[in-house]
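Asks: Please find structure_29.cif (mmCIF, C-alpha atoms) on the next line:
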data_upload
loop_
_atom_site.group_PDB
_atom_site.id
_atom_site.type_symbol
_atom_site.label_atom_id
_atom_site.label_comp_id
_atom_site.auth_asym_id
_atom_site.auth_seq_id
_atom_site.Cartn_x
_atom_site.Cartn_y
_atom_site.Cartn_z
ATOM 1 C CA MET A 1 16.208 12.325 -11.474
ATOM 2 C CA MET A 2 13.859 10.278 -13.643
ATOM 3 C CA VAL A 3 13.862 10.193 -17.445
ATOM 4 C CA ILE A 4 10.780 11.091 -19.510
ATOM 5 C CA ASN A 5 10.475 9.164 -22.782
ATOM 6 C CA GLU A 6 9.126 11.090 -25.801
ATOM 7 C CA ASP A 7 9.064 8.202 -28.308
ATOM 8 C CA TYR A 8 5.254 8.200 -28.439
ATOM 9 C CA TRP A 9 4.650 11.901 -29.117
ATOM 10 C CA VAL A 10 1.247 12.456 -30.753
ATOM 11 C CA GLY A 11 0.630 14.566 -33.857
ATOM 12 C CA GLU A 12 -0.653 18.141 -33.975
ATOM 13 C CA LYS A 13 -4.127 16.922 -34.978
ATOM 14 C CA GLN A 14 -4.343 15.007 -31.715
ATOM 15 C CA ARG A 15 -3.946 17.935 -29.318
ATOM 16 C CA SER A 16 -4.809 21.627 -29.158
ATOM 17 C CA LYS A 17 -2.967 24.257 -31.150
ATOM 18 C CA LYS A 18 -3.570 26.735 -28.336
ATOM 19 C CA THR A 19 -1.791 26.769 -24.980
ATOM 20 C CA SER A 20 -3.525 27.347 -21.657
ATOM 21 C CA THR A 21 -2.948 27.958 -17.963
ATOM 22 C CA LYS A 22 -3.258 24.817 -15.830
ATOM 23 C CA HIS A 23 -4.621 24.388 -12.343
ATOM 24 C CA GLN A 24 -5.404 20.668 -12.172
ATOM 25 C CA ILE A 25 -3.433 17.428 -12.436
ATOM 26 C CA LEU A 26 -5.821 14.625 -13.390
ATOM 27 C CA LEU A 27 -4.844 11.063 -12.374
ATOM 28 C CA CYS A 28 -6.292 8.366 -14.635
ATOM 29 C CA HIS A 29 -5.510 4.887 -15.894
ATOM 30 C CA THR A 30 -5.301 3.431 -19.384
ATOM 31 C CA SER A 31 -7.838 0.553 -18.963
ATOM 32 C CA CYS A 32 -5.481 -1.514 -21.143
ATOM 33 C CA THR A 33 -1.839 -2.543 -21.373
ATOM 34 C CA ILE A 34 0.647 0.186 -22.227
ATOM 35 C CA ASN A 35 1.405 -1.374 -25.634
ATOM 36 C CA ASP A 36 -2.291 -1.437 -26.495
ATOM 37 C CA TYR A 37 -2.501 2.203 -25.437
ATOM 38 C CA PHE A 38 0.418 3.204 -27.667
ATOM 39 C CA THR A 39 -1.233 1.406 -30.587
ATOM 40 C CA MET A 40 -4.528 3.175 -29.912
ATOM 41 C CA ILE A 41 -3.127 6.715 -29.845
ATOM 42 C CA SER A 42 -1.146 6.130 -33.038
ATOM 43 C CA THR A 43 -3.733 4.288 -35.164
ATOM 44 C CA ARG A 44 -7.247 4.891 -33.831
ATOM 45 C CA TYR A 45 -9.404 7.122 -36.055
ATOM 46 C CA ALA A 46 -6.696 6.975 -38.720
ATOM 47 C CA GLY A 47 -4.156 8.653 -36.454
ATOM 48 C CA LYS A 48 -6.538 11.428 -35.357
ATOM 49 C CA TYR A 49 -7.387 10.100 -31.889
ATOM 50 C CA ASN A 50 -7.567 13.242 -29.733
ATOM 51 C CA LYS A 51 -8.115 11.968 -26.189
ATOM 52 C CA SER A 52 -4.526 11.202 -25.272
ATOM 53 C CA PHE A 53 -3.159 11.682 -21.782
ATOM 54 C CA THR A 54 -0.380 14.247 -21.427
ATOM 55 C CA TYR A 55 1.759 11.547 -19.769
ATOM 56 C CA THR A 56 1.508 7.800 -19.245
ATOM 57 C CA ILE A 57 3.454 5.651 -16.780
ATOM 58 C CA ASP A 58 3.921 1.922 -17.359
ATOM 59 C CA LEU A 59 4.083 -0.769 -14.669
ATOM 60 C CA ASN A 60 7.888 -0.578 -14.639
ATOM 61 C CA GLY A 61 7.717 3.109 -13.729
ATOM 62 C CA GLN A 62 8.791 4.452 -17.145
ATOM 63 C CA ILE A 63 7.233 7.850 -17.862
ATOM 64 C CA TYR A 64 6.106 8.716 -21.407
ATOM 65 C CA GLN A 65 5.175 12.213 -22.549
ATOM 66 C CA HIS A 66 2.729 12.529 -25.466
ATOM 67 C CA PHE A 67 2.572 16.304 -25.939
ATOM 68 C CA SER A 68 3.609 19.493 -24.171
ATOM 69 C CA PRO A 69 1.652 20.095 -20.940
ATOM 70 C CA LEU A 70 1.061 23.655 -22.156
ATOM 71 C CA HIS A 71 -1.347 22.142 -24.699
ATOM 72 C CA TYR A 72 -4.292 19.827 -24.033
ATOM 73 C CA SER A 73 -6.292 17.034 -25.615
ATOM 74 C CA ASN A 74 -10.029 16.366 -25.746
ATOM 75 C CA LEU A 75 -9.720 13.883 -22.882
ATOM 76 C CA LEU A 76 -12.952 14.730 -21.045
ATOM 77 C CA ASN A 77 -14.703 16.157 -24.096
ATOM 78 C CA ASP A 78 -15.387 19.413 -22.259
ATOM 79 C CA PRO A 79 -13.989 22.699 -23.645
ATOM 80 C CA GLN A 80 -14.186 24.294 -20.193
ATOM 81 C CA ILE A 81 -12.331 21.527 -18.355
ATOM 82 C CA ASP A 82 -9.791 20.090 -20.803
ATOM 83 C CA PRO A 83 -7.680 23.271 -21.159
ATOM 84 C CA GLN A 84 -7.089 23.454 -17.397
ATOM 85 C CA ILE A 85 -5.764 19.922 -16.813
ATOM 86 C CA ILE A 86 -2.499 18.045 -17.182
ATOM 87 C CA SER A 87 -3.321 14.349 -17.240
ATOM 88 C CA ILE A 88 -1.336 11.330 -16.078
ATOM 89 C CA GLY A 89 -2.507 7.907 -17.254
ATOM 90 C CA LEU A 90 -1.220 4.879 -15.326
ATOM 91 C CA GLU A 91 -0.967 1.518 -17.076
ATOM 92 C CA ASN A 92 -3.765 -0.468 -15.442
ATOM 93 C CA VAL A 93 -6.640 -2.569 -16.813
ATOM 94 C CA GLY A 94 -9.013 -1.614 -13.991
ATOM 95 C CA GLN A 95 -11.766 -3.886 -12.742
ATOM 96 C CA LEU A 96 -11.354 -7.665 -13.058
ATOM 97 C CA MET A 97 -13.807 -10.497 -13.583
ATOM 98 C CA GLY A 98 -13.573 -14.225 -12.934
ATOM 99 C CA LYS A 99 -12.406 -16.571 -10.169
ATOM 100 C CA SER A 100 -15.909 -17.807 -9.305
ATOM 101 C CA ASP A 101 -15.711 -20.913 -11.538
ATOM 102 C CA GLY A 102 -12.002 -21.029 -12.306
ATOM 103 C CA ASP A 103 -8.499 -19.925 -11.389
ATOM 104 C CA ASP A 104 -8.121 -16.960 -13.707
ATOM 105 C CA PHE A 105 -8.997 -13.294 -13.570
ATOM 106 C CA PHE A 106 -9.997 -11.496 -16.776
ATOM 107 C CA ASP A 107 -9.982 -7.844 -17.807
ATOM 108 C CA TRP A 108 -12.951 -6.128 -19.452
ATOM 109 C CA LYS A 109 -11.795 -7.326 -22.905
ATOM 110 C CA GLY A 110 -11.691 -10.963 -21.781
ATOM 111 C CA ALA A 111 -7.896 -11.228 -21.678
ATOM 112 C CA ILE A 112 -6.372 -13.259 -18.827
ATOM 113 C CA TYR A 113 -4.874 -11.007 -16.156
ATOM 114 C CA LYS A 114 -1.681 -12.364 -14.554
ATOM 115 C CA GLY A 115 -0.715 -9.485 -12.266
ATOM 116 C CA LYS A 116 -1.428 -8.818 -8.601
ATOM 117 C CA VAL A 117 -5.060 -8.338 -7.564
ATOM 118 C CA HIS A 118 -6.472 -5.863 -5.058
ATOM 119 C CA GLY A 119 -9.730 -6.949 -3.441
ATOM 120 C CA LYS A 120 -12.248 -4.315 -2.368
ATOM 121 C CA LEU A 121 -15.944 -3.871 -3.048
ATOM 122 C CA TRP A 122 -16.520 -0.632 -4.956
ATOM 123 C CA ARG A 123 -19.277 0.149 -7.447
ATOM 124 C CA ASN A 124 -20.380 -3.502 -7.521
ATOM 125 C CA HIS A 125 -16.912 -4.808 -8.408
ATOM 126 C CA HIS A 126 -14.724 -6.815 -6.032
ATOM 127 C CA SER A 127 -11.375 -7.234 -7.795
ATOM 128 C CA TRP A 128 -8.981 -4.644 -9.237
ATOM 129 C CA ALA A 129 -5.648 -4.717 -11.054
ATOM 130 C CA GLU A 130 -2.792 -3.445 -8.863
ATOM 131 C CA TYR A 131 -0.804 -0.277 -9.532
ATOM 132 C CA SER A 132 2.886 -1.159 -9.122
ATOM 133 C CA ALA A 133 5.238 0.358 -6.523
ATOM 134 C CA LYS A 134 7.608 1.635 -9.244
ATOM 135 C CA GLN A 135 4.696 3.175 -11.101
ATOM 136 C CA THR A 136 3.429 4.947 -8.004
ATOM 137 C CA GLU A 137 6.918 6.262 -7.234
ATOM 138 C CA SER A 138 7.203 7.720 -10.747
ATOM 139 C CA MET A 139 3.711 9.201 -10.507
ATOM 140 C CA LEU A 140 4.553 11.021 -7.262
ATOM 141 C CA TRP A 141 7.794 12.379 -8.730
ATOM 142 C CA LEU A 142 5.949 13.600 -11.826
ATOM 143 C CA ILE A 143 3.219 15.234 -9.723
ATOM 144 C CA LYS A 144 5.894 17.229 -7.899
ATOM 145 C CA VAL A 145 7.557 18.276 -11.166
ATOM 146 C CA ILE A 146 4.239 19.446 -12.635
ATOM 147 C CA ILE A 147 3.126 21.277 -9.478
ATOM 148 C CA ASN A 148 6.392 23.211 -9.331
ATOM 149 C CA ALA A 149 6.579 23.937 -13.055
ATOM 150 C CA HIS A 150 2.972 25.111 -13.456
ATOM 151 C CA HIS A 151 2.352 26.607 -9.995
ATOM 152 C CA ILE A 152 -0.541 24.272 -9.257
ATOM 153 C CA GLU A 153 -1.713 24.240 -5.636
ATOM 154 C CA PRO A 154 -0.368 21.264 -3.605
ATOM 155 C CA ASN A 155 -3.855 19.970 -2.801
ATOM 156 C CA PHE A 156 -5.288 16.486 -3.352
ATOM 157 C CA SER A 157 -8.949 15.479 -3.488
ATOM 158 C CA GLY A 158 -8.002 12.385 -1.465
ATOM 159 C CA ASN A 159 -10.425 9.894 -2.987
ATOM 160 C CA ASN A 160 -12.149 8.535 -6.106
ATOM 161 C CA LEU A 161 -15.655 9.879 -5.404
ATOM 162 C CA PRO A 162 -17.547 12.596 -7.322
ATOM 163 C CA LEU A 163 -16.439 15.962 -5.936
ATOM 164 C CA LEU A 164 -18.674 18.987 -5.484
ATOM 165 C CA GLY A 165 -17.186 22.038 -7.216
ATOM 166 C CA VAL A 166 -14.680 19.873 -9.057
ATOM 167 C CA LYS A 167 -14.249 22.286 -11.990
ATOM 168 C CA LYS A 168 -12.892 24.988 -9.697
ATOM 169 C CA PHE A 169 -10.614 22.732 -7.657
ATOM 170 C CA ASN A 170 -6.937 23.720 -7.825
ATOM 171 C CA GLY A 171 -4.677 20.740 -7.252
ATOM 172 C CA VAL A 172 -4.543 17.003 -7.938
ATOM 173 C CA LEU A 173 -7.684 15.002 -8.769
ATOM 174 C CA THR A 174 -8.664 11.540 -9.921
ATOM 175 C CA ARG A 175 -10.797 11.272 -13.041
ATOM 176 C CA SER A 176 -13.542 9.630 -10.956
ATOM 177 C CA ASN A 177 -13.835 12.917 -9.008
ATOM 178 C CA TYR A 178 -15.520 14.297 -12.139
ATOM 179 C CA HIS A 179 -18.271 11.705 -12.543
ATOM 180 C CA LYS A 180 -19.352 8.302 -11.231
ATOM 181 C CA PHE A 181 -19.105 7.055 -14.819
ATOM 182 C CA TYR A 182 -15.297 6.960 -14.420
ATOM 183 C CA TYR A 183 -13.541 4.120 -12.576
ATOM 184 C CA ASP A 184 -10.082 5.648 -12.226
ATOM 185 C CA LEU A 185 -8.241 5.715 -10.106
ATOM 186 C CA SER A 186 -9.509 2.424 -8.651
ATOM 187 C CA PRO A 187 -9.439 1.342 -4.968
ATOM 188 C CA ALA A 188 -6.102 -0.368 -5.697
ATOM 189 C CA MET A 189 -4.369 3.024 -5.355
ATOM 190 C CA ASP A 190 -3.073 4.174 -1.964
ATOM 191 C CA PHE A 191 -4.755 7.586 -1.811
ATOM 192 C CA GLU A 192 -3.328 8.415 1.604
ATOM 193 C CA LYS A 193 0.201 7.949 0.217
ATOM 194 C CA ILE A 194 -0.527 10.510 -2.502
ATOM 195 C CA ASN A 195 -2.021 12.902 0.032
ATOM 196 C CA THR A 196 0.946 12.636 2.406
ATOM 197 C CA TYR A 197 3.465 13.077 -0.405
ATOM 198 C CA ILE A 198 1.795 16.199 -1.766
ATOM 199 C CA LYS A 199 1.508 17.754 1.705
ATOM 200 C CA THR A 200 5.125 17.071 2.656
ATOM 201 C CA GLU A 201 7.082 17.174 -0.607
ATOM 202 C CA CYS A 202 5.341 19.641 -2.923
ATOM 203 C CA ASP A 203 5.780 23.390 -2.571
ATOM 204 C CA GLY A 204 3.317 24.605 -5.193
#
Do you think you could lay out the structure here as structure tokens?
Replies:
Amino acid sequence: MMVINEDYWVGEKQRSKKTSTKHQILLCHTSCTINDYFTMISTRYAGKYNKSFTYTIDLNGQIYQHFSPLHYSNLLNDPQIDPQIISIGLENVGQLMGKSDGDDFFDWKGAIYKGKVHGKLWRNHHSWAEYSAKQTESMLWLIKVIINAHHIEPNFSGNNLPLLGVKKFNGVLTRSNYHKFYYDLSPAMDFEKINTYIKTECDG
């Protein structure tokens, strides 16, 4: 049994007042360190930042809940989509630059990246920050909890490509299934592991 930390709960102005029925779990990443993410959701727009994930999971596998999954934020800025999703944001800086003229990799903000690197060409980028094993384990556990609690279908899109009919899909998606503008989850994730877990461990 894993523990969910509620120390970074967002205010009522940062999520909906209404509740809604869910039929999608949306897998995303933070594009920054977890501490930078916590700072952003508490201080950006004078504490009125309203695009928070429902949950985040740091590289050590710690799960943080930011508001009740019965509510929703303005994550995708779409009043038809946002009410139907429960989002999970994994600590991950995403695509990496560098190594051509030096020994270091850099994230999109120019900060040196010291973690493990996954190499795969995707959308004109070759290097990606790794998702950790502990983080993935916590994500799978949380997916199962959410599926069972909210009666979401145990289906997974299986990839990070734009998906036809994505708004009506019932199950687990990556944010990049919604539009090619999104880069999460990146190729560093083991999509087949998610698919196998959902098929074998989740009842719906």
Asks: Using only C-alpha atoms, which residue out of A:Phe53, A:Trp108, A:Phe156, A:Tyr197 lies closest to Gly94 in chain A?
Replies: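 Distance minimum relative to Gly94 in chain A lands on A:Trp108.
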Asks: So how far away is CA of Gly115 in chain A from CA of Leu76 in chain A, in Å?
Replies: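 A separation of 28.5 Å between them.
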Asks: One decimal, Å: what's the distance from CA of Ile85 in chain A over to CA of Asp58 in chain A, could you say?
Replies: 20.4 Å
Asks: What are the closest atom pairs, with distances in Å to one decimal, for each residue of range 87-127 of chain A lying within 12 Å of range 157-178 of chain A, using only C-alpha atoms, rows by chain and rising residue number, as a Markdown table?
Replies:
| residue | atom | partner | partner_atom | distance |
| --- | --- | --- | --- | --- |
| A:Ser87 | CA | A:Arg175 | CA | 9.1 |
| A:Ile88 | CA | A:Thr174 | CA | 9.6 |
| A:Gly89 | CA | A:Arg175 | CA | 9.9 |
| A:Leu90 | CA | A:Thr174 | CA | 11.4 |
| A:Trp122 | CA | A:Asn160 | CA | 10.2 |
| A:Arg123 | CA | A:Leu161 | CA | 10.6 |
Asks: Which residues are near Ile147 in chain A? Cut-off 9 Å, all atoms listed in the file, ignore same chain within fewer than 4 positions. Put them as a VMD selection string.
Replies: chain A and resid 23 to 25 142 to 143 151 to 154 171 to 172 202 to 204
Asks: Which residues are near Glu137 in chain A? Cut-off 12 Å, all atoms listed in the file, ignore same chain within fewer than 3 positions. Put them as a PyMOL selection string.
Replies: chain A and resi 1-2+57-63+90+131-134+140-144+189-190+193-194+197
Asks: How would the residues just chosen look if you wrote them out with C-alpha atoms as a JSON list (two decimals), in the frame of the given file?
Replies:
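Saved result, part.json, follows:
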[["chain", "number", "residue", "atom", "x", "y", "z"],
["A", 1, "MET", "CA", 16.21, 12.32, -11.47],
["A", 2, "MET", "CA", 13.86, 10.28, -13.64],
["A", 57, "ILE", "CA", 3.45, 5.65, -16.78],
["A", 58, "ASP", "CA", 3.92, 1.92, -17.36],
["A", 59, "LEU", "CA", 4.08, -0.77, -14.67],
["A", 60, "ASN", "CA", 7.89, -0.58, -14.64],
["A", 61, "GLY", "CA", 7.72, 3.11, -13.73],
["A", 62, "GLN", "CA", 8.79, 4.45, -17.14],
["A", 63, "ILE", "CA", 7.23, 7.85, -17.86],
["A", 90, "LEU", "CA", -1.22, 4.88, -15.33],
["A", 131, "TYR", "CA", -0.80, -0.28, -9.53],
["A", 132, "SER", "CA", 2.89, -1.16, -9.12],
["A", 133, "ALA", "CA", 5.24, 0.36, -6.52],
["A", 134, "LYS", "CA", 7.61, 1.64, -9.24],
["A", 140, "LEU", "CA", 4.55, 11.02, -7.26],
["A", 141, "TRP", "CA", 7.79, 12.38, -8.73],
["A", 142, "LEU", "CA", 5.95, 13.60, -11.83],
["A", 143, "ILE", "CA", 3.22, 15.23, -9.72],
["A", 144, "LYS", "CA", 5.89, 17.23, -7.90],
["A", 189, "MET", "CA", -4.37, 3.02, -5.36],
["A", 190, "ASP", "CA", -3.07, 4.17, -1.96],
["A", 193, "LYS", "CA", 0.20, 7.95, 0.22],
["A", 194, "ILE", "CA", -0.53, 10.51, -2.50],
["A", 197, "TYR", "CA", 3.46, 13.08, -0.40]]
Asks: Mind giving me the straight-line distance from CA of Thr19 in chain A to CA of Pro79 in chain A in Å, one decimal?
Replies: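 Rounded to one decimal, the two atoms are 12.9 Å apart.
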Asks: Please supply range 143-154 of chain A, rebuilt with N, CA and C atoms, as a PDB file, keeping the file's coordinate frame.
Replies:
ATOM      1  N   ILE A 143       4.144  14.268 -10.338  1.00  0.00           N
ATOM      2  CA  ILE A 143       3.219  15.234  -9.723  1.00  0.00           C
ATOM      3  C   ILE A 143       3.994  16.419  -9.168  1.00  0.00           C
ATOM      4  N   LYS A 144       5.083  16.150  -8.475  1.00  0.00           N
ATOM      5  CA  LYS A 144       5.894  17.229  -7.899  1.00  0.00           C
ATOM      6  C   LYS A 144       6.477  18.121  -8.988  1.00  0.00           C
ATOM      7  N   VAL A 145       6.995  17.515 -10.048  1.00  0.00           N
ATOM      8  CA  VAL A 145       7.557  18.276 -11.166  1.00  0.00           C
ATOM      9  C   VAL A 145       6.500  19.198 -11.770  1.00  0.00           C
ATOM     10  N   ILE A 146       5.309  18.665 -12.009  1.00  0.00           N
ATOM     11  CA  ILE A 146       4.239  19.446 -12.635  1.00  0.00           C
ATOM     12  C   ILE A 146       3.761  20.570 -11.709  1.00  0.00           C
ATOM     13  N   ILE A 147       3.566  20.257 -10.439  1.00  0.00           N
ATOM     14  CA  ILE A 147       3.126  21.277  -9.478  1.00  0.00           C
ATOM     15  C   ILE A 147       4.094  22.446  -9.451  1.00  0.00           C
ATOM     16  N   ASN A 148       5.390  22.150  -9.404  1.00  0.00           N
ATOM     17  CA  ASN A 148       6.392  23.211  -9.331  1.00  0.00           C
ATOM     18  C   ASN A 148       6.510  23.987 -10.638  1.00  0.00           C
ATOM     19  N   ALA A 149       6.404  23.285 -11.756  1.00  0.00           N
ATOM     20  CA  ALA A 149       6.579  23.937 -13.055  1.00  0.00           C
ATOM     21  C   ALA A 149       5.384  24.800 -13.440  1.00  0.00           C
ATOM     22  N   HIS A 150       4.190  24.414 -13.025  1.00  0.00           N
ATOM     23  CA  HIS A 150       2.972  25.111 -13.456  1.00  0.00           C
ATOM     24  C   HIS A 150       2.259  25.825 -12.312  1.00  0.00           C
ATOM     25  N   HIS A 151       2.882  25.862 -11.149  1.00  0.00           N
ATOM     26  CA  HIS A 151       2.352  26.607  -9.995  1.00  0.00           C
ATOM     27  C   HIS A 151       0.937  26.165  -9.631  1.00  0.00           C
ATOM     28  N   ILE A 152       0.731  24.856  -9.674  1.00  0.00           N
ATOM     29  CA  ILE A 152      -0.541  24.272  -9.257  1.00  0.00           C
ATOM     30  C   ILE A 152      -0.521  24.107  -7.737  1.00  0.00           C
ATOM     31  N   GLU A 153      -1.643  24.337  -7.091  1.00  0.00           N
ATOM     32  CA  GLU A 153      -1.713  24.240  -5.636  1.00  0.00           C
ATOM     33  C   GLU A 153      -1.444  22.804  -5.179  1.00  0.00           C
ATOM     34  N   PRO A 154      -0.671  22.610  -4.113  1.00  0.00           N
ATOM     35  CA  PRO A 154      -0.368  21.264  -3.605  1.00  0.00           C
ATOM     36  C   PRO A 154      -1.520  20.690  -2.777  1.00  0.00           C
TER      37      PRO A 154
END
